[in-house]
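> Below you will find the structure I want to go over with you.
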Amino acid sequence: QQQNEFHYQKLLEMMYCSICETHFNVRRNGLALLGTLVSYHGKELRPHVDKFMRVVIANLNQDWHTVCTNASWCIGQCLSVYATPTPTTSGDAANTKTLMMSDYCDDILAHLVDILKSKDAESFVISNVAITMARLVQAYPDRIIEKWNQFAVEWIHALSMFDEDDDKIQSFQTLMMVVMKNPTAVVQSRHGCRTLFEAIAAWENPPRFLNEQFGSVLNGFKHAAPSWDKLMNDLQPNIRQILRSRYNV
């Protein structure tokens with residue numbers, strides 16, 4: 001037992017050194033290992049998360065490409081595993097408001113927004129960060145939704161940049177939840193509605209439940225927007241046709 005603990009501590013020390021390393025390949029691999037350990041050994045790693053998190057967030061730099069995407073992925077894994085109530089001594093997690101990742105929420109948000117709004121970031125960096133943003137919103141919806149006017153258009157556009165997989169499905173579910181709770185950010189953003197409508201129309205095979213959410217959101221805009229006809233006329237004809245035929249709007 002003591003020997004195993006010794007080796008575990010050594011592994012953590014080596015991993016911490018690797019994500020602080022100046023050599024990009026070492027740092028990238030260290031971040032990948034950390035994310036993997038969080039995914040498969042989250043309970044064991046839980047007491048050590050605070051030691052790593054600030055360094056991981058500092059690696060959210062668009063110019064560092066795969067280092068940045070691995071840091072983003074690692075944060076996404078941490079949000080999935082740790083951004084839930086920490087159990088109380090009675091074992092009832094629902095009775096506590098303590099969230100392990102809460103202290104890092106604003107810092108993560110600021111870094112992700114900077115990358116999403118960048119004109120120079122690579123597309124694979126942008127799409128990776130968009131997924132992590134979705135996980136941040138899932139973890140702290142009220143905190144993020146009140147600020148999402150800062151990045152609404154960029155996030156919606158970024159979510160359209162990758163293939164229709166489970167991450168994209170979950171991310172768009174989160175996006176629809178945000179839109180329904182705070183549609184004003186879309187309406188008041190330049191090109192907000194157009195970007196949202198184009199993102200919905202771009203789906204080729206949305207699952208049924210997500211397709212129904214798309215229809216609800218679009219019909220909500222149709223009945224609430226005073227200039228619905230203008231919004232539709234601003235779209236490309238093929239986009240307009242997809243929305244009308246698929247969602248009857």
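Residues in the structure tokens are numbered from 1 in each chain, the chains being A, B, ... in the order shown, and ligands are numbered from 1 in the order shown.
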Which residues are close to A:Ile126, i.e. within 12 Å by only C-alpha atoms, leaving aside same-chain residues fewer than 3 positions away? Reply as number ranges by chain.

A: 60-63, 65-66, 68-69, 72-73, 111-123, 129-133, 154-162

> Counting only C-alpha atoms, which residues of stretch 50-88 of chain A sit at most 12 Å from some atom of stretch 139-143 of chain A, and what is each one's closest atom pair with its distance in Å to one decimal, listed by chain and rising residue number, as CSV?


```
residue,atom,partner,partner_atom,distance
A:Ile75,CA,A:Ala139,CA,11.8
A:Gly76,CA,A:Ala139,CA,10.2
A:Gln77,CA,A:Ala139,CA,11.6
A:Cys78,CA,A:Ala139,CA,10.5
A:Leu79,CA,A:Ala139,CA,6.8
A:Ser80,CA,A:Ala139,CA,7.8
A:Val81,CA,A:Ala139,CA,10.2
A:Tyr82,CA,A:Ala139,CA,9.3
A:Ala83,CA,A:Ala139,CA,5.8
A:Thr84,CA,A:Ala139,CA,7.4
A:Pro85,CA,A:Ala139,CA,10.3
```

> Contacts of stretch 229-240 of chain A at 12 Å or less, counting only C-alpha atoms, minus same-chain residues fewer than 2 places along, as an NGL selection string?

:A and (187 or 190-203 or 218 or 221-227 or 242-249)

> What does the file look like for those residues with N, CA and C atoms, as a PDB file, in the first residue's frame?


```pdb
ATOM      1  N   VAL A 187     -30.975  37.674 -30.468  1.00  0.00           N
ATOM      2  CA  VAL A 187     -31.710  38.715 -31.190  1.00  0.00           C
ATOM      3  C   VAL A 187     -30.900  40.008 -31.266  1.00  0.00           C
ATOM      4  N   ARG A 190     -25.404  41.071 -33.601  1.00  0.00           N
ATOM      5  CA  ARG A 190     -25.378  41.244 -35.057  1.00  0.00           C
ATOM      6  C   ARG A 190     -25.245  39.870 -35.718  1.00  0.00           C
ATOM      7  N   HIS A 191     -26.121  39.580 -36.611  1.00  0.00           N
ATOM      8  CA  HIS A 191     -26.163  38.296 -37.311  1.00  0.00           C
ATOM      9  C   HIS A 191     -26.484  37.121 -36.387  1.00  0.00           C
ATOM     10  N   GLY A 192     -26.974  37.391 -35.190  1.00  0.00           N
ATOM     11  CA  GLY A 192     -27.244  36.318 -34.236  1.00  0.00           C
ATOM     12  C   GLY A 192     -28.279  35.332 -34.741  1.00  0.00           C
ATOM     13  N   CYS A 193     -29.420  35.850 -35.172  1.00  0.00           N
ATOM     14  CA  CYS A 193     -30.487  34.971 -35.662  1.00  0.00           C
ATOM     15  C   CYS A 193     -30.042  34.225 -36.910  1.00  0.00           C
ATOM     16  N   ARG A 194     -29.400  34.925 -37.819  1.00  0.00           N
ATOM     17  CA  ARG A 194     -28.963  34.275 -39.052  1.00  0.00           C
ATOM     18  C   ARG A 194     -27.981  33.145 -38.757  1.00  0.00           C
ATOM     19  N   THR A 195     -27.047  33.393 -37.846  1.00  0.00           N
ATOM     20  CA  THR A 195     -26.064  32.367 -37.494  1.00  0.00           C
ATOM     21  C   THR A 195     -26.736  31.157 -36.867  1.00  0.00           C
ATOM     22  N   LEU A 196     -27.700  31.399 -35.992  1.00  0.00           N
ATOM     23  CA  LEU A 196     -28.423  30.303 -35.352  1.00  0.00           C
ATOM     24  C   LEU A 196     -29.221  29.502 -36.369  1.00  0.00           C
ATOM     25  N   PHE A 197     -29.939  30.179 -37.237  1.00  0.00           N
ATOM     26  CA  PHE A 197     -30.776  29.492 -38.229  1.00  0.00           C
ATOM     27  C   PHE A 197     -29.911  28.683 -39.198  1.00  0.00           C
ATOM     28  N   GLU A 198     -28.777  29.247 -39.595  1.00  0.00           N
ATOM     29  CA  GLU A 198     -27.876  28.523 -40.490  1.00  0.00           C
ATOM     30  C   GLU A 198     -27.289  27.290 -39.808  1.00  0.00           C
ATOM     31  N   ALA A 199     -26.986  27.422 -38.525  1.00  0.00           N
ATOM     32  CA  ALA A 199     -26.433  26.284 -37.783  1.00  0.00           C
ATOM     33  C   ALA A 199     -27.448  25.152 -37.683  1.00  0.00           C
ATOM     34  N   ILE A 200     -28.701  25.491 -37.479  1.00  0.00           N
ATOM     35  CA  ILE A 200     -29.758  24.471 -37.410  1.00  0.00           C
ATOM     36  C   ILE A 200     -29.958  23.819 -38.772  1.00  0.00           C
ATOM     37  N   ALA A 201     -30.007  24.639 -39.816  1.00  0.00           N
ATOM     38  CA  ALA A 201     -30.239  24.119 -41.166  1.00  0.00           C
ATOM     39  C   ALA A 201     -29.084  23.252 -41.651  1.00  0.00           C
ATOM     40  N   ALA A 202     -27.888  23.472 -41.118  1.00  0.00           N
ATOM     41  CA  ALA A 202     -26.704  22.731 -41.570  1.00  0.00           C
ATOM     42  C   ALA A 202     -26.726  21.266 -41.139  1.00  0.00           C
ATOM     43  N   TRP A 203     -27.561  20.944 -40.146  1.00  0.00           N
ATOM     44  CA  TRP A 203     -27.639  19.553 -39.705  1.00  0.00           C
ATOM     45  C   TRP A 203     -28.217  18.677 -40.811  1.00  0.00           C
ATOM     46  N   LEU A 218     -37.283  27.562 -33.297  1.00  0.00           N
ATOM     47  CA  LEU A 218     -37.614  28.335 -34.492  1.00  0.00           C
ATOM     48  C   LEU A 218     -39.036  28.883 -34.435  1.00  0.00           C
ATOM     49  N   PHE A 221     -39.155  31.837 -32.116  1.00  0.00           N
ATOM     50  CA  PHE A 221     -38.707  33.066 -32.767  1.00  0.00           C
ATOM     51  C   PHE A 221     -39.769  33.586 -33.736  1.00  0.00           C
ATOM     52  N   LYS A 222     -40.392  32.683 -34.470  1.00  0.00           N
ATOM     53  CA  LYS A 222     -41.385  33.102 -35.453  1.00  0.00           C
ATOM     54  C   LYS A 222     -42.540  33.852 -34.800  1.00  0.00           C
ATOM     55  N   HIS A 223     -42.976  33.378 -33.650  1.00  0.00           N
ATOM     56  CA  HIS A 223     -44.128  34.004 -32.997  1.00  0.00           C
ATOM     57  C   HIS A 223     -43.746  35.229 -32.169  1.00  0.00           C
ATOM     58  N   ALA A 224     -42.473  35.337 -31.816  1.00  0.00           N
ATOM     59  CA  ALA A 224     -42.059  36.454 -30.952  1.00  0.00           C
ATOM     60  C   ALA A 224     -41.383  37.587 -31.719  1.00  0.00           C
ATOM     61  N   ALA A 225     -40.753  37.248 -32.835  1.00  0.00           N
ATOM     62  CA  ALA A 225     -39.993  38.269 -33.567  1.00  0.00           C
ATOM     63  C   ALA A 225     -40.923  39.150 -34.381  1.00  0.00           C
ATOM     64  N   PRO A 226     -40.817  40.471 -34.216  1.00  0.00           N
ATOM     65  CA  PRO A 226     -41.682  41.378 -34.978  1.00  0.00           C
ATOM     66  C   PRO A 226     -41.304  41.447 -36.453  1.00  0.00           C
ATOM     67  N   SER A 227     -40.093  41.006 -36.783  1.00  0.00           N
ATOM     68  CA  SER A 227     -39.626  41.111 -38.179  1.00  0.00           C
ATOM     69  C   SER A 227     -39.243  39.740 -38.711  1.00  0.00           C
ATOM     70  N   ILE A 242     -34.839  24.850 -46.420  1.00  0.00           N
ATOM     71  CA  ILE A 242     -34.654  23.763 -45.439  1.00  0.00           C
ATOM     72  C   ILE A 242     -35.491  24.034 -44.193  1.00  0.00           C
ATOM     73  N   LEU A 243     -35.423  25.247 -43.687  1.00  0.00           N
ATOM     74  CA  LEU A 243     -36.154  25.583 -42.462  1.00  0.00           C
ATOM     75  C   LEU A 243     -37.659  25.493 -42.678  1.00  0.00           C
ATOM     76  N   ARG A 244     -38.129  25.946 -43.830  1.00  0.00           N
ATOM     77  CA  ARG A 244     -39.578  25.926 -44.085  1.00  0.00           C
ATOM     78  C   ARG A 244     -40.097  24.510 -44.278  1.00  0.00           C
ATOM     79  N   SER A 245     -39.337  23.707 -44.995  1.00  0.00           N
ATOM     80  CA  SER A 245     -39.812  22.349 -45.258  1.00  0.00           C
ATOM     81  C   SER A 245     -39.670  21.441 -44.049  1.00  0.00           C
ATOM     82  N   ARG A 246     -38.606  21.645 -43.297  1.00  0.00           N
ATOM     83  CA  ARG A 246     -38.341  20.753 -42.166  1.00  0.00           C
ATOM     84  C   ARG A 246     -39.094  21.164 -40.914  1.00  0.00           C
ATOM     85  N   TYR A 247     -39.269  22.476 -40.718  1.00  0.00           N
ATOM     86  CA  TYR A 247     -39.839  22.961 -39.442  1.00  0.00           C
ATOM     87  C   TYR A 247     -41.113  23.785 -39.633  1.00  0.00           C
ATOM     88  N   ASN A 248     -41.540  23.957 -40.874  1.00  0.00           N
ATOM     89  CA  ASN A 248     -42.795  24.657 -41.142  1.00  0.00           C
ATOM     90  C   ASN A 248     -42.815  26.068 -40.550  1.00  0.00           C
ATOM     91  N   VAL A 249     -41.744  26.799 -40.822  1.00  0.00           N
ATOM     92  CA  VAL A 249     -41.668  28.176 -40.296  1.00  0.00           C
ATOM     93  C   VAL A 249     -41.567  29.177 -41.466  1.00  0.00           C
TER      94      VAL A 249
END
```

> What does the distance from atom CA of A:Glu212 to atom CA of A:Thr184 come to in Å, to one decimal?

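Atom-to-atom, atom CA of A:Glu212 to atom CA of A:Thr184, that is 21.1 Å.
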
> What is the atom CA of A:Phe214 to atom CA of A:Cys74 distance in Å?

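Answer for the atom CA of A:Phe214 to atom CA of A:Cys74 separation: 29.7 Å.
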
> Give me, please, the distance in Å between atom CA of A:Asp165 and atom CA of A:Gln213, quoted to one decimal.

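So the answer is 17.2 Å.
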
> Please give the complete set of residues from stretch 15-224 of chain A that DSSP, run on the backbone, assigns to helix (DSSP H, G or I), formatted as a PyMOL selection string.

chain A and resi 15-20+24-40+42-58+62-64+66-82+93-95+102-116+123-139+141-145+148-150+152-159+166-181+184-188+192-201+208-224

> Mind checking which residues fall within 9 Å of A:Arg27, counting only C-alpha atoms, ignoring those fewer than 4 positions away in the same chain, and posting them as a VMD selection string?

chain A and resid 17 to 23 31 to 32 59 67

> Residues as selected, N, CA, C and O atoms, written as an mmCIF file, in the first residue's frame, can you do that?


```cif
data_model
loop_
_atom_site.group_PDB
_atom_site.id
_atom_site.type_symbol
_atom_site.label_atom_id
_atom_site.label_comp_id
_atom_site.auth_asym_id
_atom_site.auth_seq_id
_atom_site.Cartn_x
_atom_site.Cartn_y
_atom_site.Cartn_z
ATOM 1 N N CYS A 17 5.076 18.297 -13.585
ATOM 2 C CA CYS A 17 6.255 18.848 -14.262
ATOM 3 C C CYS A 17 6.049 18.861 -15.774
ATOM 4 O O CYS A 17 6.458 19.818 -16.455
ATOM 5 N N SER A 18 5.393 17.824 -16.297
ATOM 6 C CA SER A 18 5.215 17.737 -17.748
ATOM 7 C C SER A 18 4.300 18.837 -18.280
ATOM 8 O O SER A 18 4.546 19.382 -19.355
ATOM 9 N N ILE A 19 3.227 19.190 -17.535
ATOM 10 C CA ILE A 19 2.314 20.221 -18.045
ATOM 11 C C ILE A 19 2.869 21.629 -17.818
ATOM 12 O O ILE A 19 2.306 22.600 -18.318
ATOM 13 N N CYS A 20 3.982 21.711 -17.067
ATOM 14 C CA CYS A 20 4.680 22.995 -16.904
ATOM 15 C C CYS A 20 5.892 23.096 -17.830
ATOM 16 O O CYS A 20 6.540 24.147 -17.884
ATOM 17 N N GLU A 21 6.185 22.028 -18.530
ATOM 18 C CA GLU A 21 7.368 21.937 -19.386
ATOM 19 C C GLU A 21 7.292 22.934 -20.543
ATOM 20 O O GLU A 21 6.220 23.211 -21.082
ATOM 21 N N THR A 22 8.435 23.477 -20.916
ATOM 22 C CA THR A 22 8.469 24.426 -22.034
ATOM 23 C C THR A 22 8.370 23.720 -23.383
ATOM 24 O O THR A 22 7.899 24.309 -24.358
ATOM 25 N N HIS A 23 8.782 22.476 -23.457
ATOM 26 C CA HIS A 23 8.717 21.718 -24.706
ATOM 27 C C HIS A 23 7.258 21.339 -24.991
ATOM 28 O O HIS A 23 6.605 20.673 -24.193
ATOM 29 N N LEU A 31 -0.834 16.849 -20.667
ATOM 30 C CA LEU A 31 -2.246 17.253 -20.580
ATOM 31 C C LEU A 31 -3.168 16.110 -21.011
ATOM 32 O O LEU A 31 -4.227 15.900 -20.420
ATOM 33 N N ALA A 32 -2.759 15.374 -22.036
ATOM 34 C CA ALA A 32 -3.556 14.231 -22.488
ATOM 35 C C ALA A 32 -3.624 13.165 -21.404
ATOM 36 O O ALA A 32 -4.691 12.578 -21.149
ATOM 37 N N ASN A 59 -2.761 26.943 -20.150
ATOM 38 C CA ASN A 59 -2.404 26.373 -21.450
ATOM 39 C C ASN A 59 -3.483 26.581 -22.508
ATOM 40 O O ASN A 59 -3.337 26.115 -23.639
ATOM 41 N N VAL A 67 -1.424 21.752 -27.851
ATOM 42 C CA VAL A 67 -1.347 21.972 -26.397
ATOM 43 C C VAL A 67 -2.661 22.582 -25.920
ATOM 44 O O VAL A 67 -3.247 22.165 -24.920
#
```
